[in-house]
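Below is the file my_file_39.cif, which contains mmCIF, C-alpha atoms.
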data_work
loop_
_atom_site.label_atom_id
_atom_site.label_comp_id
_atom_site.auth_asym_id
_atom_site.auth_seq_id
_atom_site.Cartn_x
_atom_site.Cartn_y
_atom_site.Cartn_z
CA MET X 1 72.55 117.40 -57.07
CA ALA X 2 70.89 114.09 -56.23
CA ARG X 3 73.22 113.73 -53.27
CA MET X 4 72.24 117.23 -52.07
CA MET X 5 68.52 116.41 -52.32
CA TYR X 6 69.06 113.21 -50.34
CA GLY X 7 70.94 115.24 -47.70
CA MET X 8 68.11 117.74 -47.42
CA GLU X 9 65.46 115.01 -47.02
CA HIS X 10 67.64 113.27 -44.45
CA LYS X 11 68.10 116.54 -42.55
CA GLU X 12 64.33 117.25 -42.49
CA GLY X 13 63.67 113.79 -41.11
CA PHE X 14 66.26 114.35 -38.46
CA ILE X 15 64.69 117.69 -37.47
CA LEU X 16 61.28 116.00 -37.13
CA VAL X 17 62.76 113.40 -34.77
CA GLU X 18 64.42 116.20 -32.78
CA ILE X 19 61.13 118.08 -32.48
CA LEU X 20 59.27 114.97 -31.39
CA LEU X 21 61.93 114.18 -28.80
CA GLY X 22 61.90 117.77 -27.55
CA VAL X 23 58.11 117.84 -27.23
CA ALA X 24 58.12 114.44 -25.46
CA LEU X 25 60.83 115.59 -23.02
CA PHE X 26 58.99 118.83 -22.30
CA ALA X 27 55.64 117.06 -21.85
CA THR X 28 57.20 114.48 -19.51
CA LEU X 29 58.83 117.15 -17.36
CA ILE X 30 55.70 119.28 -17.15
CA THR X 31 53.43 116.30 -16.42
CA ALA X 32 55.77 115.03 -13.69
CA ALA X 33 56.03 118.50 -12.18
CA PHE X 34 52.24 118.97 -12.10
CA LEU X 35 51.69 115.47 -10.71
CA ILE X 36 54.18 116.03 -7.90
CA MET X 37 52.71 119.48 -7.18
CA PHE X 38 49.23 117.94 -7.02
CA LEU X 39 50.45 115.27 -4.58
CA GLY X 40 52.13 117.88 -2.39
CA GLU X 41 49.06 120.11 -2.38
CA SER X 42 46.80 117.13 -1.64
CA ALA X 43 48.98 116.11 1.33
CA SER X 44 48.86 119.66 2.71
CA ILE X 45 45.06 119.83 2.37
CA HIS X 46 44.66 116.41 4.02
CA SER X 47 46.84 117.51 6.94
CA GLY X 48 44.77 120.65 7.41
CA ASP X 49 41.63 118.51 7.42
CA ARG X 50 43.16 116.24 10.09
CA PHE X 51 43.95 119.25 12.29
CA ARG X 52 40.36 120.42 12.07
CA ALA X 53 39.01 116.90 12.68
CA ALA X 54 41.22 116.49 15.76
CA PHE X 55 39.87 119.79 17.09
CA LEU X 56 36.28 118.65 16.52
CA ALA X 57 36.96 115.29 18.23
CA GLU X 58 38.47 117.09 21.21
CA ARG X 59 35.45 119.38 21.34
CA ALA X 60 33.10 116.37 21.41
CA LEU X 61 35.00 114.97 24.40
CA ASP X 62 34.88 118.37 26.09
CA THR X 63 31.11 118.32 25.58
CA ALA X 64 30.96 115.10 27.60
CA ARG X 65 33.08 116.71 30.34
CA SER X 66 30.79 119.71 30.34
CA LEU X 67 27.75 117.46 30.77
CA ARG X 68 29.53 115.55 33.52
CA GLU X 69 29.98 118.80 35.45
CA GLU X 70 26.20 119.30 35.39
CA GLU X 71 24.97 115.77 35.97
CA PHE X 72 26.78 112.52 35.30
CA LEU X 73 23.51 110.76 34.44
CA GLN X 74 23.25 112.94 31.32
CA LEU X 75 25.96 110.75 29.77
CA THR X 76 23.67 108.08 28.44
CA GLN X 77 25.06 105.00 26.77
CA GLY X 78 25.03 105.07 22.95
CA THR X 79 26.28 107.03 19.97
CA HIS X 80 25.41 110.71 19.93
CA GLY X 81 25.94 113.91 18.04
CA VAL X 82 26.98 117.05 19.91
CA ASP X 83 25.36 120.41 19.39
CA ILE X 84 24.64 123.70 21.14
CA GLY X 85 21.23 123.66 22.83
CA PRO X 86 18.66 126.47 23.10
CA GLU X 87 20.26 127.60 26.38
CA GLY X 88 23.63 128.01 24.69
CA THR X 89 25.17 124.98 26.37
CA TRP X 90 26.47 121.75 24.87
CA VAL X 91 23.92 118.98 24.50
CA LEU X 92 23.85 115.46 23.06
CA SER X 93 21.73 115.59 19.92
CA GLY X 94 20.75 112.78 17.55
CA SER X 95 23.18 110.04 16.58
CA GLU X 96 25.70 112.28 14.81
CA PHE X 97 26.47 115.91 14.10
CA GLN X 98 27.24 117.25 10.63
CA THR X 99 29.26 120.45 10.42
CA ASP X 100 28.71 122.97 7.64
CA ASP X 101 32.05 122.10 6.09
CA GLY X 102 31.34 118.39 5.76
CA TYR X 103 32.67 116.76 8.93
CA THR X 104 30.58 114.12 10.69
CA VAL X 105 31.10 113.98 14.46
CA ARG X 106 30.01 111.00 16.58
CA LEU X 107 30.48 110.61 20.31
CA ALA X 108 30.13 107.02 21.56
CA ILE X 109 29.54 106.69 25.30
CA THR X 110 29.96 103.34 27.02
CA ARG X 111 28.97 103.19 30.68
CA LEU X 112 31.55 101.06 32.49
CA ALA X 113 29.88 101.63 35.87
CA SER X 114 27.32 103.99 37.36
CA ASP X 115 30.12 106.55 37.94
CA TRP X 116 32.50 105.67 35.11
CA ALA X 117 32.19 106.10 31.33
CA SER X 118 34.37 105.43 28.33
CA LEU X 119 34.23 107.95 25.49
CA GLN X 120 35.15 107.64 21.83
CA ALA X 121 34.93 110.63 19.51
CA ASP X 122 34.99 109.85 15.77
CA VAL X 123 35.26 112.55 13.16
CA ARG X 124 34.94 111.57 9.50
CA TRP X 125 35.16 113.61 6.35
CA ASP X 126 35.21 113.02 2.61
CA HIS X 127 38.69 113.51 1.24
CA GLY X 128 37.68 113.40 -2.44
CA THR X 129 39.53 110.92 -4.63
CA VAL X 130 41.75 109.76 -1.76
CA GLY X 131 38.71 108.46 0.14
CA GLU X 132 37.40 109.08 3.64
CA GLY X 133 39.48 110.61 6.41
CA ILE X 134 38.94 109.71 10.06
CA VAL X 135 40.31 110.90 13.39
CA THR X 136 39.43 109.02 16.59
CA LEU X 137 40.19 110.05 20.17
CA HIS X 138 39.48 108.00 23.31
CA ALA X 139 39.07 109.08 26.93
CA GLU X 140 37.42 108.04 30.16
CA ILE X 141 35.64 110.19 32.70
CA THR X 142 34.36 109.48 36.18
CA ASP X 143 31.90 111.08 38.52
CA TRP X 144 34.57 112.19 40.99
CA ARG X 145 32.40 115.11 42.10
CA ALA X 146 30.06 112.67 43.82
CA PRO X 147 30.42 112.45 47.64
CA VAL X 148 33.36 110.32 48.77
CA GLY X 149 32.82 107.00 50.51
CA GLU X 150 32.17 106.52 54.22
CA ALA X 151 35.75 105.39 54.71
CA TRP X 152 36.63 109.09 54.58
CA ASP X 153 34.16 110.02 57.34
CA PRO X 154 36.25 111.80 60.00
CA SER X 155 33.57 111.54 62.71
CA PRO X 156 34.34 108.87 65.29
CA PRO X 157 32.35 105.66 64.95
CA PRO X 158 29.35 105.40 67.30
CA PRO X 159 30.10 103.54 70.54
CA MET D 1 76.77 127.09 -43.47
CA MET D 2 75.88 130.13 -41.37
CA LEU D 3 72.18 129.23 -41.63
CA ILE D 4 72.76 125.67 -40.38
CA PHE D 5 74.91 126.97 -37.50
CA SER D 6 72.28 129.55 -36.59
CA ARG D 7 69.45 126.95 -36.63
CA SER D 8 71.52 124.52 -34.63
CA ARG D 9 72.34 127.22 -32.06
CA GLY D 10 68.65 128.15 -31.78
CA GLY D 11 67.81 124.51 -31.12
CA TYR D 12 70.39 124.29 -28.37
CA MET D 13 69.06 127.46 -26.79
CA PHE D 14 65.54 126.06 -26.92
CA LEU D 15 66.69 122.78 -25.36
CA LEU D 16 68.53 124.64 -22.61
CA ASN D 17 65.42 126.73 -21.90
CA VAL D 18 63.28 123.60 -21.71
CA LEU D 19 65.72 121.95 -19.32
CA PHE D 20 65.98 125.10 -17.19
CA ALA D 21 62.19 125.53 -17.00
CA GLY D 22 61.86 121.83 -16.19
CA ALA D 23 64.45 122.08 -13.42
CA VAL D 24 62.64 125.07 -11.88
CA ALA D 25 59.29 123.26 -12.11
CA MET D 26 60.71 120.07 -10.58
CA THR D 27 62.39 121.99 -7.75
CA THR D 28 59.14 123.81 -6.96
CA ALA D 29 57.20 120.55 -7.07
CA THR D 30 59.70 118.74 -4.85
CA THR D 31 59.58 121.60 -2.33
CA LEU D 32 55.79 121.35 -2.26
CA VAL D 33 55.96 117.60 -1.70
CA LEU D 34 58.45 117.98 1.16
CA LEU D 35 56.23 120.69 2.65
CA GLY D 36 53.19 118.39 2.32
CA VAL D 37 55.02 115.50 4.00
CA SER D 38 56.19 117.78 6.79
CA VAL D 39 52.69 119.15 7.42
CA GLY D 40 51.38 115.56 7.31
CA GLN D 41 53.80 114.49 10.04
CA ASN D 42 52.80 117.56 12.01
CA SER D 43 49.09 116.66 11.92
CA THR D 44 49.83 113.05 12.91
CA THR D 45 51.97 114.21 15.84
CA ASN D 46 49.15 116.57 16.83
CA VAL D 47 46.63 113.68 17.05
CA HIS D 48 49.11 111.44 18.92
CA SER D 49 49.86 114.22 21.37
CA LYS D 50 46.16 114.86 22.04
CA GLN D 51 45.59 111.14 22.66
CA ALA D 52 48.58 110.98 25.03
CA TYR D 53 47.13 113.92 26.99
CA LEU D 54 43.71 112.22 27.15
CA ASN D 55 45.41 109.05 28.40
CA ALA D 56 47.06 110.99 31.22
CA GLN D 57 43.70 112.55 32.08
CA THR D 58 42.10 109.08 32.03
CA CYS D 59 44.60 107.88 34.61
CA ILE D 60 43.86 110.90 36.81
CA GLU D 61 40.12 110.22 36.55
CA ARG D 62 40.62 106.56 37.48
CA ALA D 63 42.82 107.54 40.42
CA LEU D 64 40.21 110.04 41.66
CA ARG D 65 37.56 107.34 41.46
CA ASN D 66 39.74 105.02 43.52
CA VAL D 67 40.61 107.71 46.06
CA GLN D 68 36.89 108.47 46.42
CA THR D 69 36.19 105.06 47.93
CA ASN D 70 39.56 104.12 49.35
CA PRO D 71 41.63 106.57 51.42
CA ASP D 72 44.53 104.09 51.31
CA TYR D 73 44.76 103.99 47.52
CA THR D 74 48.46 104.15 46.56
CA GLY D 75 48.49 104.41 42.76
CA ASP D 76 51.78 103.20 41.23
CA GLU D 77 50.24 101.27 38.34
CA THR D 78 50.12 101.23 34.56
CA HIS D 79 46.90 100.90 32.58
CA GLN D 80 46.72 99.64 29.00
CA LEU D 81 44.06 101.73 27.28
CA THR D 82 42.25 101.47 23.94
CA GLU D 83 44.90 103.66 22.33
CA GLY D 84 48.19 103.72 24.21
CA SER D 85 48.71 103.55 27.96
CA CYS D 86 48.95 105.64 31.10
CA THR D 87 51.03 105.33 34.23
CA LEU D 88 50.11 106.54 37.71
CA LEU D 89 52.97 107.41 39.99
CA PRO D 90 52.72 106.53 43.70
CA VAL D 91 50.07 108.74 45.28
CA GLY D 92 51.48 111.31 47.70
CA VAL D 93 49.62 111.14 51.03
CA SER D 94 49.45 113.80 53.72
CA ASP D 95 46.42 113.63 56.05
CA ASP D 96 43.44 114.34 53.80
CA GLU D 97 45.59 115.65 50.97
CA ARG D 98 46.57 113.57 48.00
CA ILE D 99 48.98 114.23 45.14
CA ILE D 100 48.34 112.33 41.92
CA CYS D 101 50.69 112.36 38.94
CA ALA D 102 49.97 110.60 35.65
CA ARG D 103 51.94 110.10 32.46
CA GLY D 104 50.01 109.37 29.24
CA GLU D 105 51.67 107.76 26.24
CA TYR D 106 50.59 107.12 22.69
CA GLU D 107 53.01 106.13 19.92
CA ASP D 108 55.95 108.49 20.43
CA ALA D 109 54.01 111.18 22.32
CA VAL D 110 54.21 111.59 26.11
CA ARG D 111 52.16 114.05 28.18
CA ARG D 112 52.17 114.56 31.96
CA VAL D 113 49.38 115.77 34.24
CA GLU D 114 49.63 116.34 37.98
CA MET D 115 47.11 117.32 40.59
CA GLN D 116 46.80 118.08 44.27
CA MET D 117 43.50 117.50 46.04
CA GLU D 118 42.03 117.51 49.47
CA VAL D 119 39.09 115.60 50.87
CA VAL D 120 36.82 117.81 52.92
CA TYR D 121 34.27 115.19 53.79
CA PRO D 122 32.15 114.45 51.80
CA ASP D 123 33.65 116.45 48.92
CA ILE D 124 36.85 116.41 46.93
CA LEU D 125 38.43 119.85 46.55
CA ILE D 126 40.95 120.34 43.80
CA ASP D 127 43.86 122.59 44.73
CA GLU D 128 45.81 122.18 41.49
CA TRP D 129 45.25 120.30 38.26
CA ARG D 130 47.68 121.05 35.49
CA GLU D 131 49.77 119.69 32.68
CA THR D 132 53.53 119.87 33.12
CA TYR D 133 56.58 119.11 31.02
CA THR D 134 58.23 117.52 34.07
CA PHE D 135 56.45 116.70 37.33
CA THR D 136 56.82 119.31 40.04
CA LEU D 137 54.72 117.56 42.71
CA CYS D 138 56.10 114.02 42.19
CA ASN D 139 59.45 112.40 41.52
CA GLU D 140 59.51 110.52 38.26
CA THR D 141 62.29 107.93 38.18
#

Mind turning the file's structure into C-alpha coordinates?
Amino acid sequence: MARMMYGMEHKEGFILVEILLGVALFATLITAAFLIMFLGESASIHSGDRFRAAFLAERALDTARSLREEEFLQLTQGTHGVDIGPEGTWVLSGSEFQTDDGYTVRLAITRLASDWASLQADVRWDHGTVGEGIVTLHAEITDWRAPVGEAWDPSPPPP
Amino acid sequence: MMLIFSRSRGGYMFLLNVLFAGAVAMTTATTLVLLGVSVGQNSTTNVHSKQAYLNAQTCIERALRNVQTNPDYTGDETHQLTEGSCTLLPVGVSDDERIICARGEYEDAVRRVEMQMEVVYPDILIDEWRETYTFTLCNET
(Lines of atoms letter the chains of each structure in order from A and count residues from 1; the text may use other names and numbers.)
(Lines give C-alpha, C1' and ligand atoms only; values in the text may rest on other atoms or scores of the structure.)
Protein backbone atom coordinates (compact mmCIF):
# COMPACT_ATOMS: atom_id res chain seq x y z
CA MET A 1 0.00 0.00 0.00
CA ALA A 2 2.80 2.37 0.97
CA ARG A 3 4.64 1.41 -2.20
CA MET A 4 1.50 2.18 -4.26
CA MET A 5 1.13 5.61 -2.63
CA TYR A 6 4.77 6.39 -3.36
CA GLY A 7 4.21 5.33 -6.99
CA MET A 8 1.19 7.60 -7.33
CA GLU A 9 3.05 10.62 -5.89
CA HIS A 10 6.00 9.88 -8.16
CA LYS A 11 3.69 9.63 -11.17
CA GLU A 12 1.99 12.98 -10.38
CA GLY A 13 5.37 14.67 -10.13
CA PHE A 14 6.34 13.19 -13.43
CA ILE A 15 3.12 14.45 -15.07
CA LEU A 16 3.80 17.97 -13.75
CA VAL A 17 7.28 17.93 -15.31
CA GLU A 18 5.75 16.70 -18.58
CA ILE A 19 3.18 19.50 -18.57
CA LEU A 20 5.82 22.12 -17.84
CA LEU A 21 8.04 20.79 -20.62
CA GLY A 22 5.10 20.69 -23.03
CA VAL A 23 4.05 24.26 -22.22
CA ALA A 24 7.68 25.47 -22.54
CA LEU A 25 8.09 23.73 -25.91
CA PHE A 26 4.81 25.14 -27.19
CA ALA A 27 5.61 28.65 -25.95
CA THR A 28 9.08 28.53 -27.53
CA LEU A 29 7.72 27.41 -30.89
CA ILE A 30 4.94 29.99 -30.94
CA THR A 31 7.24 32.83 -29.81
CA ALA A 32 9.84 31.92 -32.45
CA ALA A 33 7.17 31.68 -35.13
CA PHE A 34 5.69 35.09 -34.25
CA LEU A 35 9.14 36.69 -34.03
CA ILE A 36 10.13 35.37 -37.45
CA MET A 37 6.76 36.42 -38.92
CA PHE A 38 7.24 39.90 -37.47
CA LEU A 39 10.72 40.15 -39.00
CA GLY A 40 9.43 39.00 -42.38
CA GLU A 41 6.53 41.43 -42.31
CA SER A 42 8.83 44.27 -41.21
CA ALA A 43 11.23 43.56 -44.08
CA SER A 44 8.34 43.60 -46.57
CA ILE A 45 7.02 46.91 -45.22
CA HIS A 46 10.51 48.46 -45.30
CA SER A 47 10.95 47.38 -48.92
CA GLY A 48 7.62 48.92 -49.88
CA ASP A 49 8.69 52.14 -48.18
CA ARG A 50 11.98 52.12 -50.15
CA PHE A 51 10.07 51.73 -53.43
CA ARG A 52 7.92 54.73 -52.60
CA ALA A 53 10.94 56.77 -51.44
CA ALA A 54 12.82 55.97 -54.67
CA PHE A 55 9.80 57.15 -56.65
CA LEU A 56 9.67 60.41 -54.67
CA ALA A 57 13.42 60.99 -55.15
CA GLU A 58 13.06 60.42 -58.88
CA ARG A 59 10.14 62.85 -58.95
CA ALA A 60 12.25 65.51 -57.21
CA LEU A 61 14.93 65.13 -59.90
CA ASP A 62 12.26 65.31 -62.60
CA THR A 63 11.10 68.57 -61.02
CA ALA A 64 14.58 69.99 -61.57
CA ARG A 65 14.49 68.82 -65.21
CA SER A 66 11.09 70.41 -65.63
CA LEU A 67 12.41 73.72 -64.29
CA ARG A 68 15.46 73.44 -66.54
CA GLU A 69 13.16 73.21 -69.57
CA GLU A 70 11.61 76.55 -68.59
CA GLU A 71 14.66 78.48 -67.44
CA PHE A 72 17.97 77.11 -66.19
CA LEU A 73 18.40 80.06 -63.82
CA GLN A 74 15.44 78.77 -61.79
CA LEU A 75 17.76 76.09 -60.42
CA THR A 76 19.19 78.12 -57.59
CA GLN A 77 21.92 76.73 -55.39
CA GLY A 78 20.75 75.32 -52.04
CA THR A 79 18.45 72.75 -50.50
CA HIS A 80 14.82 72.92 -51.56
CA GLY A 81 11.51 71.20 -51.22
CA VAL A 82 9.46 70.43 -54.33
CA ASP A 83 5.78 71.16 -54.64
CA ILE A 84 3.07 71.93 -57.17
CA GLY A 85 2.62 75.67 -57.64
CA PRO A 86 -0.60 77.66 -58.15
CA GLU A 87 -0.25 77.23 -61.93
CA GLY A 88 -0.15 73.46 -61.58
CA THR A 89 3.54 73.18 -62.41
CA TRP A 90 6.44 71.97 -60.29
CA VAL A 91 8.15 74.62 -58.18
CA LEU A 92 10.93 74.73 -55.61
CA SER A 93 9.32 75.46 -52.26
CA GLY A 94 10.93 75.93 -48.85
CA SER A 95 13.85 73.81 -47.70
CA GLU A 96 12.00 70.48 -47.70
CA PHE A 97 8.70 68.91 -48.64
CA GLN A 98 6.70 66.69 -46.30
CA THR A 99 4.28 64.23 -47.88
CA ASP A 100 1.02 63.28 -46.19
CA ASP A 101 2.32 59.79 -45.50
CA GLY A 102 5.42 60.94 -43.63
CA TYR A 103 8.20 61.17 -46.22
CA THR A 104 10.53 64.18 -46.19
CA VAL A 105 11.88 65.14 -49.62
CA ARG A 106 14.91 67.41 -50.07
CA LEU A 107 16.47 68.45 -53.35
CA ALA A 108 20.01 69.83 -53.04
CA ILE A 109 21.22 71.82 -56.04
CA THR A 110 24.89 72.64 -56.45
CA ARG A 111 25.79 74.93 -59.33
CA LEU A 112 29.00 73.60 -60.91
CA ALA A 113 28.97 76.29 -63.61
CA SER A 114 26.51 78.80 -65.04
CA ASP A 115 25.13 76.04 -67.31
CA TRP A 116 25.80 72.96 -65.20
CA ALA A 117 24.23 71.76 -61.93
CA SER A 118 24.60 68.75 -59.68
CA LEU A 119 21.44 67.40 -58.05
CA GLN A 120 20.94 65.25 -54.98
CA ALA A 121 17.48 64.08 -53.97
CA ASP A 122 17.14 62.76 -50.40
CA VAL A 123 13.99 61.09 -49.17
CA ARG A 124 13.76 60.18 -45.48
CA TRP A 125 11.04 58.46 -43.52
CA ASP A 126 10.53 57.12 -40.02
CA HIS A 127 10.67 53.35 -40.02
CA GLY A 128 9.43 52.91 -36.44
CA THR A 129 11.61 50.81 -34.14
CA VAL A 130 14.11 50.05 -36.90
CA GLY A 131 14.99 53.75 -37.20
CA GLU A 132 15.05 56.15 -40.13
CA GLY A 133 15.03 55.04 -43.75
CA ILE A 134 16.75 57.04 -46.47
CA VAL A 135 17.00 56.84 -50.26
CA THR A 136 19.39 59.15 -52.13
CA LEU A 137 19.68 59.63 -55.89
CA HIS A 138 22.26 61.78 -57.70
CA ALA A 139 22.19 63.33 -61.16
CA GLU A 140 23.60 66.22 -63.15
CA ILE A 141 21.86 68.44 -65.66
CA THR A 142 23.14 71.02 -68.08
CA ASP A 143 21.65 73.88 -70.02
CA TRP A 144 22.10 72.19 -73.39
CA ARG A 145 19.13 74.10 -74.79
CA ALA A 146 21.20 77.28 -74.73
CA PRO A 147 22.59 78.41 -78.12
CA VAL A 148 25.69 76.51 -79.20
CA GLY A 149 29.08 78.20 -79.36
CA GLU A 150 30.40 80.26 -82.26
CA ALA A 151 32.59 77.36 -83.34
CA TRP A 152 29.41 75.90 -84.84
CA ASP A 153 28.65 79.03 -86.88
CA PRO A 154 28.37 77.83 -90.51
CA SER A 155 28.63 81.33 -92.01
CA PRO A 156 32.03 82.03 -93.54
CA PRO A 157 34.31 84.25 -91.47
CA PRO A 158 34.38 87.91 -92.56
CA PRO A 159 37.21 88.74 -94.96
CA MET B 1 -3.78 -0.37 -16.79
CA MET B 2 -6.21 0.73 -19.51
CA LEU B 3 -6.51 4.15 -17.85
CA ILE B 4 -2.73 4.68 -17.82
CA PHE B 5 -2.49 3.58 -21.47
CA SER B 6 -5.33 5.90 -22.44
CA ARG B 7 -3.77 8.89 -20.62
CA SER B 8 -0.38 8.15 -22.11
CA ARG B 9 -1.88 7.92 -25.60
CA GLY B 10 -3.70 11.23 -25.10
CA GLY B 11 -0.42 12.85 -24.10
CA TYR B 12 1.30 11.56 -27.21
CA MET B 13 -1.53 12.84 -29.38
CA PHE B 14 -1.27 16.24 -27.71
CA LEU B 15 2.50 16.31 -28.21
CA LEU B 16 2.11 15.35 -31.87
CA ASN B 17 -0.49 18.11 -32.34
CA VAL B 18 1.82 20.66 -30.73
CA LEU B 19 4.71 19.59 -32.95
CA PHE B 20 2.51 19.63 -36.07
CA ALA B 21 1.10 23.09 -35.28
CA GLY B 22 4.63 24.30 -34.54
CA ALA B 23 5.92 22.94 -37.84
CA VAL B 24 3.12 24.67 -39.75
CA ALA B 25 3.75 27.94 -37.90
CA MET B 26 7.52 27.74 -38.50
CA THR B 27 7.05 26.95 -42.19
CA THR B 28 4.69 29.92 -42.60
CA ALA B 29 7.09 32.18 -40.73
CA THR B 30 10.09 31.03 -42.77
CA THR B 31 8.16 31.61 -46.00
CA LEU B 32 7.34 35.13 -44.85
CA VAL B 33 10.98 35.81 -44.02
CA LEU B 34 12.15 34.54 -47.42
CA LEU B 35 9.47 36.68 -49.07
CA GLY B 36 10.62 39.71 -47.05
CA VAL B 37 14.26 39.15 -48.00
CA SER B 38 13.31 38.74 -51.65
CA VAL B 39 11.24 41.95 -51.68
CA GLY B 40 14.13 43.70 -49.87
CA GLN B 41 16.57 42.68 -52.60
CA ASN B 42 14.04 43.82 -55.17
CA SER B 43 13.79 47.33 -53.67
CA THR B 44 17.59 47.62 -53.43
CA THR B 45 17.97 46.57 -57.07
CA ASN B 46 15.30 49.13 -57.98
CA VAL B 47 17.29 51.98 -56.37
CA HIS B 48 20.58 50.79 -57.93
CA SER B 49 18.95 50.56 -61.34
CA LYS B 50 17.51 54.08 -61.07
CA GLN B 51 20.93 55.45 -60.08
CA ALA B 52 22.60 53.63 -63.00
CA TYR B 53 20.06 55.20 -65.37
CA LEU B 54 20.69 58.67 -63.88
CA ASN B 55 24.43 58.11 -64.32
CA ALA B 56 23.93 57.33 -68.01
CA GLN B 57 21.80 60.47 -68.35
CA THR B 58 24.51 62.48 -66.56
CA CYS B 59 27.06 61.36 -69.14
CA ILE B 60 24.71 62.36 -71.96
CA GLU B 61 24.20 65.79 -70.38
CA ARG B 62 27.95 66.28 -70.00
CA ALA B 63 28.52 65.22 -73.61
CA LEU B 64 25.85 67.64 -74.85
CA ARG B 65 27.52 70.44 -72.90
CA ASN B 66 30.85 69.60 -74.51
CA VAL B 67 29.36 69.32 -77.99
CA GLN B 68 27.71 72.71 -77.49
CA THR B 69 31.07 74.48 -77.37
CA ASN B 70 33.29 72.09 -79.26
CA PRO B 71 32.23 70.57 -82.60
CA ASP B 72 35.28 68.29 -82.45
CA TYR B 73 34.36 66.69 -79.14
CA THR B 74 34.98 62.93 -79.44
CA GLY B 75 33.67 61.43 -76.20
CA ASP B 76 35.27 58.05 -75.37
CA GLU B 77 35.77 58.70 -71.66
CA THR B 78 34.69 57.40 -68.27
CA HIS B 79 33.51 59.65 -65.45
CA GLN B 80 33.60 58.69 -61.78
CA LEU B 81 30.43 60.12 -60.25
CA THR B 82 29.20 60.57 -56.67
CA GLU B 83 27.48 57.19 -56.83
CA GLY B 84 28.90 54.88 -59.49
CA SER B 85 30.27 55.84 -62.89
CA CYS B 86 29.33 56.45 -66.50
CA THR B 87 31.10 55.77 -69.76
CA LEU B 88 30.73 57.71 -73.00
CA LEU B 89 31.39 55.81 -76.18
CA PRO B 90 33.19 57.57 -79.05
CA VAL B 91 30.87 60.21 -80.48
CA GLY B 92 29.62 59.41 -83.97
CA VAL B 93 30.19 62.38 -86.30
CA SER B 94 28.48 63.10 -89.59
CA ASP B 95 28.45 66.77 -90.69
CA ASP B 96 26.31 68.53 -88.09
CA GLU B 97 24.90 65.29 -86.71
CA ARG B 98 26.24 63.62 -83.61
CA ILE B 99 25.50 60.25 -82.05
CA ILE B 100 26.13 59.95 -78.32
CA CYS B 101 25.92 56.68 -76.39
CA ALA B 102 26.38 56.40 -72.63
CA ARG B 103 26.49 53.49 -70.21
CA GLY B 104 25.69 54.17 -66.54
CA GLU B 105 26.77 51.80 -63.79
CA TYR B 106 26.03 51.56 -60.10
CA GLU B 107 26.83 48.48 -58.01
CA ASP B 108 25.65 45.59 -60.19
CA ALA B 109 23.18 47.63 -62.27
CA VAL B 110 23.95 48.79 -65.83
CA ARG B 111 21.70 51.04 -67.96
CA ARG B 112 22.33 52.35 -71.48
CA VAL B 113 21.08 55.55 -73.11
CA GLU B 114 21.70 56.63 -76.69
CA MET B 115 20.83 59.75 -78.61
CA GLN B 116 21.11 61.27 -82.05
CA MET B 117 21.21 65.05 -82.43
CA GLU B 118 21.77 67.66 -85.02
CA VAL B 119 23.08 71.19 -84.68
CA VAL B 120 21.01 73.67 -86.64
CA TYR B 121 22.94 76.75 -85.68
CA PRO B 122 22.44 78.06 -83.04
CA ASP B 123 20.21 75.29 -81.68
CA ILE B 124 20.58 71.63 -80.84
CA LEU B 125 17.78 69.48 -82.24
CA ILE B 126 17.25 66.07 -80.73
CA ASP B 127 16.28 63.38 -83.25
CA GLU B 128 16.28 60.46 -80.81
CA TRP B 129 16.92 60.08 -77.10
CA ARG B 130 16.13 56.70 -75.65
CA GLU B 131 17.15 53.97 -73.30
CA THR B 132 18.18 50.67 -74.85
CA TYR B 133 19.14 47.23 -73.62
CA THR B 134 21.94 47.12 -76.22
CA PHE B 135 23.11 50.11 -78.27
CA THR B 136 21.61 50.35 -81.72
CA LEU B 137 23.38 53.55 -82.81
CA CYS B 138 26.86 52.68 -81.47
CA ASN B 139 29.10 49.64 -81.27
CA GLU B 140 29.91 48.68 -77.71
CA THR B 141 33.04 46.54 -77.52

Q | Best match for closeness to Arg65 (chain D) among X:Glu41, X:Asp115, X:Asp122, X:Glu69, counting only C-alpha atoms | A |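 So, comparing all the options, the nearest one is X:Asp115.
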
Q. What residues have an atom no more than 12 Å from (52.2, 110.3, 19.6) in the file's own frame, counting only C-alpha atoms, and can you write them as a ChimeraX atom specification?
A. /D:41-55,83-85,104-111

Q: Run the PyMOL selection byres ((chain X) within 6 of (chain D)) on the file and write out the hits as a PyMOL selection string.
A: chain X and resi 29+33+36-37+40+43-44+47+51+139-142+144+147-149

(Q) Between CA of Gly133 (chain X) and CA of Ile109 (chain X), what distance in Å does the model show, to one decimal? (A) 21.7 Å

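The protein and nucleic acid residues lying at most 8 Å from region 84-90 of chain X are Thr63, Ser66 and Leu67 of chain X, with all atoms listed in the file considered and sequence neighbours fewer than 6 positions away removed.
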
Kindly export the residues of the current selection with C-alpha atoms, as a PDB file, keeping the file's coordinate frame.
ATOM      1  CA  THR X  63      31.110 118.320  25.580  1.00  0.00           C
ATOM      2  CA  SER X  66      30.790 119.710  30.340  1.00  0.00           C
ATOM      3  CA  LEU X  67      27.750 117.460  30.770  1.00  0.00           C
TER       4      LEU X  67
END
